[in-house]
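Chemist: This is the content of target25.txt (compact mmCIF, C-alpha atoms):
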# COMPACT_ATOMS: atom_id res chain seq x y z
CA MET A 1 20.74 -104.63 -67.63
CA THR A 2 23.12 -106.14 -65.08
CA HIS A 3 22.13 -107.05 -61.56
CA ALA A 4 22.96 -104.73 -58.71
CA ALA A 5 26.31 -105.42 -57.11
CA PRO A 6 26.00 -108.00 -54.32
CA THR A 7 26.62 -106.99 -50.73
CA ALA A 8 29.24 -108.57 -48.50
CA ARG A 9 26.74 -111.35 -47.84
CA ALA A 10 25.95 -112.35 -51.41
CA LEU A 11 22.72 -114.13 -50.53
CA ILE A 12 20.10 -113.11 -47.99
CA ALA A 13 18.85 -115.54 -45.38
CA ASP A 14 15.66 -117.38 -46.18
CA PRO A 15 12.99 -116.33 -43.63
CA VAL A 16 11.66 -119.88 -43.48
CA SER A 17 14.90 -121.80 -43.11
CA GLY A 18 16.66 -119.25 -40.93
CA ASP A 19 20.33 -118.77 -41.68
CA THR A 20 20.31 -120.87 -44.83
CA PRO A 21 21.07 -118.50 -47.75
CA VAL A 22 18.54 -118.23 -50.54
CA PRO A 23 20.07 -119.91 -53.60
CA GLU A 24 20.89 -117.62 -56.51
CA ALA A 25 18.74 -119.81 -58.77
CA LYS A 26 15.71 -119.15 -56.56
CA LEU A 27 16.30 -115.40 -56.59
CA GLU A 28 16.56 -115.53 -60.39
CA ALA A 29 13.39 -117.60 -60.69
CA VAL A 30 11.41 -115.17 -58.53
CA PHE A 31 12.58 -112.14 -60.51
CA ASN A 32 12.00 -113.83 -63.85
CA ASP A 33 8.40 -114.55 -62.85
CA ILE A 34 7.95 -110.90 -61.92
CA ARG A 35 9.57 -109.61 -65.11
CA SER A 36 7.63 -112.00 -67.35
CA HIS A 37 4.25 -110.89 -65.97
CA PRO A 38 2.08 -109.45 -68.80
CA LEU A 39 1.64 -106.15 -66.96
CA TYR A 40 5.25 -105.63 -65.89
CA ASP A 41 6.30 -103.46 -68.83
CA GLN A 42 3.17 -101.34 -68.41
CA GLU A 43 3.90 -100.64 -64.76
CA LEU A 44 7.64 -99.87 -64.90
CA TYR A 45 9.19 -97.32 -67.24
CA GLY A 46 12.08 -95.89 -65.27
CA CYS A 47 12.70 -93.85 -62.15
CA LEU A 48 13.78 -90.28 -61.51
CA ASN A 49 14.24 -91.09 -57.82
CA CYS A 50 12.16 -87.98 -57.04
CA GLY A 51 10.25 -89.63 -54.18
CA ILE A 52 6.84 -88.22 -55.07
CA CYS A 53 5.31 -91.67 -54.86
CA THR A 54 6.55 -92.21 -51.31
CA ALA A 55 5.69 -88.68 -50.22
CA THR A 56 2.06 -89.17 -51.22
CA CYS A 57 1.73 -92.82 -50.13
CA PRO A 58 -0.65 -93.34 -47.17
CA SER A 59 0.99 -96.63 -46.21
CA ALA A 60 4.43 -95.03 -46.09
CA HIS A 61 3.22 -92.89 -43.18
CA TYR A 62 2.41 -95.90 -41.04
CA TYR A 63 4.65 -98.75 -42.18
CA ASP A 64 8.21 -99.49 -43.23
CA TYR A 65 7.22 -99.22 -46.87
CA SER A 66 8.33 -97.03 -49.76
CA PRO A 67 6.92 -97.22 -53.31
CA ARG A 68 10.15 -95.63 -54.54
CA GLU A 69 12.16 -98.46 -53.02
CA ILE A 70 10.03 -101.03 -54.85
CA VAL A 71 10.57 -99.30 -58.20
CA GLN A 72 14.29 -98.88 -57.58
CA LEU A 73 14.74 -102.54 -56.64
CA LEU A 74 13.01 -103.72 -59.80
CA TRP A 75 14.59 -101.11 -62.06
CA THR A 76 18.11 -102.05 -60.91
CA GLU A 77 17.24 -105.77 -60.82
CA ASN A 78 18.43 -106.06 -57.23
CA LEU A 79 17.54 -109.71 -56.75
CA GLU A 80 18.37 -109.87 -53.06
CA GLY A 81 16.51 -106.65 -52.31
CA ILE A 82 13.48 -107.77 -54.30
CA TYR A 83 13.27 -111.06 -52.44
CA ASP A 84 13.72 -109.30 -49.11
CA ALA A 85 10.93 -106.80 -49.90
CA MET A 86 8.60 -109.69 -50.72
CA GLN A 87 8.94 -111.03 -47.19
CA GLU A 88 7.06 -108.14 -45.58
CA LYS A 89 7.14 -104.74 -47.26
CA ILE A 90 4.95 -105.48 -50.28
CA TRP A 91 2.10 -106.48 -47.99
CA ALA A 92 1.92 -102.97 -46.52
CA CYS A 93 0.67 -101.44 -49.79
CA ALA A 94 -2.98 -100.35 -49.58
CA GLN A 95 -3.48 -100.57 -53.36
CA CYS A 96 -4.86 -97.03 -53.55
CA TYR A 97 -2.65 -96.27 -56.60
CA THR A 98 -1.94 -92.71 -55.47
CA CYS A 99 1.65 -93.47 -56.47
CA ALA A 100 0.65 -94.22 -60.06
CA ALA A 101 -1.37 -91.01 -60.30
CA ARG A 102 1.56 -88.87 -59.15
CA CYS A 103 4.56 -90.50 -60.84
CA PRO A 104 6.02 -88.24 -63.59
CA PHE A 105 7.36 -91.38 -65.34
CA HIS A 106 3.93 -93.05 -65.23
CA ASN A 107 5.22 -95.92 -63.14
CA SER A 108 2.72 -97.82 -61.02
CA PRO A 109 4.41 -99.03 -57.84
CA GLY A 110 1.03 -100.34 -56.68
CA GLY A 111 0.74 -102.40 -59.84
CA LEU A 112 4.26 -103.72 -59.38
CA VAL A 113 3.41 -104.71 -55.82
CA MET A 114 0.43 -106.67 -57.09
CA ILE A 115 2.70 -108.56 -59.46
CA MET A 116 5.14 -109.27 -56.65
CA ARG A 117 2.31 -110.52 -54.46
CA GLU A 118 1.16 -112.91 -57.17
CA VAL A 119 4.69 -114.24 -57.52
CA ALA A 120 5.01 -114.58 -53.73
CA ILE A 121 1.89 -116.75 -53.79
CA LYS A 122 3.19 -118.77 -56.73
CA HIS A 123 6.39 -119.51 -54.84
CA SER A 124 4.51 -120.37 -51.63
CA MET A 125 6.35 -117.72 -49.63
CA GLN A 126 5.55 -117.71 -45.95
CA SER A 127 4.91 -113.97 -46.16
CA ALA A 128 2.00 -114.61 -48.53
CA LYS A 129 0.51 -117.21 -46.21
CA ASP A 130 0.84 -114.91 -43.19
CA ALA A 131 -0.57 -111.88 -45.00
CA LEU A 132 -3.59 -113.70 -46.40
CA ARG A 133 -4.45 -115.78 -43.34
CA PRO A 134 -6.72 -113.09 -41.78
CA PHE A 135 -8.81 -113.15 -44.96
CA THR A 136 -9.44 -116.91 -44.86
CA ARG A 137 -12.98 -116.49 -43.58
CA VAL A 138 -13.76 -113.86 -46.20
CA LEU A 139 -12.33 -116.01 -48.98
CA LEU A 140 -14.29 -119.05 -47.85
CA LYS A 141 -17.47 -117.00 -47.88
CA VAL A 142 -16.82 -115.49 -51.32
CA ILE A 143 -15.96 -118.76 -53.02
CA SER A 144 -18.49 -121.00 -51.29
CA THR A 145 -21.48 -118.63 -51.32
CA GLY A 146 -20.74 -115.98 -53.97
CA ASN A 147 -21.20 -113.23 -51.36
CA GLN A 148 -18.55 -111.19 -49.63
CA LEU A 149 -18.93 -109.91 -46.07
CA ALA A 150 -21.53 -110.32 -43.40
CA PRO A 151 -21.62 -107.38 -40.93
CA ASN A 152 -20.24 -109.50 -38.09
CA MET A 153 -17.11 -110.21 -40.12
CA ILE A 154 -15.98 -106.57 -40.28
CA THR A 155 -13.98 -106.28 -37.06
CA LYS A 156 -10.72 -104.65 -36.06
CA ASP A 157 -9.31 -107.98 -34.88
CA ALA A 158 -10.00 -109.64 -38.22
CA PHE A 159 -8.20 -106.95 -40.22
CA PRO A 160 -5.24 -105.73 -38.14
CA ASP A 161 -3.35 -104.63 -41.24
CA TRP A 162 -5.90 -101.92 -42.01
CA GLY A 163 -3.86 -99.49 -39.91
CA PRO A 164 -4.45 -97.44 -36.75
CA ASN A 165 -7.64 -95.82 -38.06
CA VAL A 166 -9.46 -99.12 -38.57
CA SER A 167 -11.76 -98.20 -35.67
CA LYS A 168 -13.58 -95.94 -38.12
CA ILE A 169 -14.96 -99.08 -39.76
CA ASP A 170 -17.39 -99.32 -36.84
CA ALA A 171 -19.12 -96.11 -37.84
CA PRO A 172 -21.14 -97.24 -40.89
CA LEU A 173 -22.07 -100.66 -39.50
CA ASP A 174 -25.32 -99.42 -38.00
CA LEU A 175 -26.45 -98.27 -41.43
CA LEU A 176 -25.23 -101.49 -43.00
CA ARG A 177 -27.12 -103.58 -40.50
CA LYS A 178 -30.34 -101.73 -41.25
CA ALA A 179 -29.99 -102.73 -44.90
CA ILE A 180 -29.38 -106.43 -44.25
CA PRO A 181 -31.96 -108.85 -42.79
CA VAL A 182 -31.61 -109.36 -39.03
CA PRO A 183 -30.93 -113.15 -39.19
CA THR A 184 -27.68 -112.55 -41.05
CA LEU A 185 -26.17 -110.11 -38.55
CA HIS A 186 -24.38 -112.59 -36.33
CA THR A 187 -24.00 -115.57 -38.59
CA MET A 188 -22.15 -116.67 -41.70
CA ASP A 189 -25.49 -116.84 -43.50
CA THR A 190 -25.84 -114.66 -46.55
CA ALA A 191 -28.28 -111.82 -47.10
CA TRP A 192 -29.23 -113.30 -50.46
CA VAL A 193 -28.85 -116.66 -52.17
CA VAL A 194 -26.63 -116.95 -55.23
CA ASN A 195 -28.08 -119.04 -58.04
CA LEU A 196 -26.59 -122.53 -58.07
CA LYS A 197 -25.71 -122.30 -61.75
CA THR A 198 -23.94 -118.98 -61.15
CA SER A 199 -22.03 -120.44 -58.22
CA VAL A 200 -20.77 -123.37 -60.29
CA GLU A 201 -19.83 -121.05 -63.14
CA LEU A 202 -17.84 -118.82 -60.77
CA TYR A 203 -16.01 -121.84 -59.41
CA THR A 204 -15.21 -122.98 -62.95
CA ILE A 205 -13.78 -119.55 -63.77
CA TRP A 206 -11.61 -119.55 -60.65
CA GLU A 207 -10.44 -123.02 -61.53
CA ALA A 208 -9.64 -122.19 -65.18
CA THR A 209 -7.82 -118.94 -64.37
CA GLY A 210 -5.56 -120.45 -61.73
CA VAL A 211 -7.12 -118.77 -58.71
CA LEU A 212 -7.66 -122.09 -56.96
CA ASP A 213 -4.10 -123.15 -57.74
CA GLN A 214 -2.90 -120.01 -56.00
CA LEU A 215 -5.19 -120.72 -53.06
CA GLU A 216 -3.72 -124.20 -52.70
CA GLN A 217 -0.24 -122.66 -52.47
CA VAL A 218 -1.32 -120.31 -49.69
CA ASP A 219 -3.71 -122.45 -47.63
CA GLU A 220 -4.03 -126.12 -48.51
CA ASN A 221 -6.62 -126.78 -45.81
CA LEU A 222 -8.89 -124.01 -47.07
CA PHE A 223 -8.40 -125.28 -50.61
CA ASP A 224 -9.57 -128.75 -49.52
CA VAL A 225 -12.65 -127.33 -47.79
CA ILE A 226 -13.62 -125.23 -50.79
CA SER A 227 -13.01 -128.15 -53.16
CA ASP A 228 -15.39 -130.30 -51.11
CA VAL A 229 -18.03 -127.55 -51.07
CA MET A 230 -17.83 -127.04 -54.81
CA ASP A 231 -17.82 -130.76 -55.58
CA GLU A 232 -21.12 -130.98 -53.72
CA LYS A 233 -22.50 -128.00 -55.62
CA ARG A 234 -21.45 -129.49 -58.95
CA GLU A 235 -23.14 -132.75 -58.08
CA GLU A 236 -26.26 -130.90 -57.00
CA TYR A 237 -26.26 -128.88 -60.20
CA GLN A 238 -25.78 -131.98 -62.34
CA GLU A 239 -28.68 -133.67 -60.58
CA TRP A 240 -30.83 -130.63 -61.32
CA LEU A 241 -29.82 -130.78 -65.00
CA ASP A 242 -30.67 -134.46 -65.15
CA GLU A 243 -34.09 -133.76 -63.66
CA GLN A 244 -34.73 -131.13 -66.34
CA ASP A 245 -33.81 -133.61 -69.08
CA ASN A 246 -36.21 -136.15 -67.66
Kindly return the structure encoded in the file as structure tokens.

Modeler:
Amino acid sequence: MTHAAPTARALIADPVSGDTPVPEAKLEAVFNDIRSHPLYDQELYGCLNCGICTATCPSAHYYDYSPREIVQLLWTENLEGIYDAMQEKIWACAQCYTCAARCPFHNSPGGLVMIMREVAIKHSMQSAKDALRPFTRVLLKVISTGNQLAPNMITKDAFPDWGPNVSKIDAPLDLLRKAIPVPTLHTMDTAWVVNLKTSVELYTIWEATGVLDQLEQVDENLFDVISDVMDEKREEYQEWLDEQDN
């Protein structure tokens, strides 16, 4: 399949460098990484351009985002359009997969967006760094403790991209707080302690599967903090193993 015909400006401007055009080789590299993803052929089969995916998409009602546009860009191999969409639009997807359930061609725009997000991280795009920055505290907690959220972390300010109805998140917090010990309500402490062996195993999995490599591309400082935390845990775990041997 040939690439979509270029516009009058053959290359779009790189959002990081301003007016400097994105080199054709970079556009090709980004698309090749998307197309070579193991799930790509399972998520994209064609497009009738019927618009059902966009009509039923919750995010399309609030943001400048269209699942149909994503499918069309990839189906026509519009390199400039794909790169442009990766700067902002793909981060508006809520990953509800309503689009996949409704598509008569069995496409999964939500799945394609996930692939594009992974590639954006791989290429250290500024959009990926900006989109994931609000989740830094959550990610630190998950990787360093094995737990996810403490009640005090669920705030409208922390998750502005949840849309205009995010205020509803306040409603169940009273019930949540009743289920979690009082000392954890206003701290980063966890409601339960994850076994040290489990924590080290989780870290090893993230390391082996490339999750930490992706984290380093997005937030090098957070990567350094987590590396220090896990180095300490590995040392502590090794000391415990040595004690058992003795």

Chemist: Nearest to Leu74 in chain A: which of A:Val113, A:Leu241, A:Ile121, A:Leu202 is it, counting all atoms listed in the file?

Modeler: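 Closest residue, counting all atoms listed in the file: A:Val113.
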
Chemist: Just how far from CA of Leu79 in chain A is CA of Ala29 in chain A, in Å to one decimal?

Modeler: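 Spanning CA of Ala29 in chain A to CA of Leu79 in chain A is a straight-line distance of 9.7 Å.
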
Chemist: May I ask which of the residues A:Leu112, A:Met230, A:Cys53, A:Ala100 is the closest one to Met86 in chain A, counting only C-alpha atoms?

Modeler: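 For Met86 in chain A, the nearest of the candidates is A:Leu112.
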
Chemist: Choose the residue, out of A:Lys89, A:Val71, A:Ala60, A:Ile52, that has the smallest atom-to-atom separation from Cys103 in chain A; count only C-alpha atoms.

Modeler: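 Of all the options, A:Ile52 lies closest to Cys103 in chain A.
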
Chemist: Point out the residue among A:Leu140, A:Gln217, A:Glu207, A:Val30 with the least atom-to-atom distance to Glu80 in chain A, counting all atoms listed in the file.

Modeler: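 Using all atoms listed in the file, Glu80 in chain A sits closest to A:Val30.
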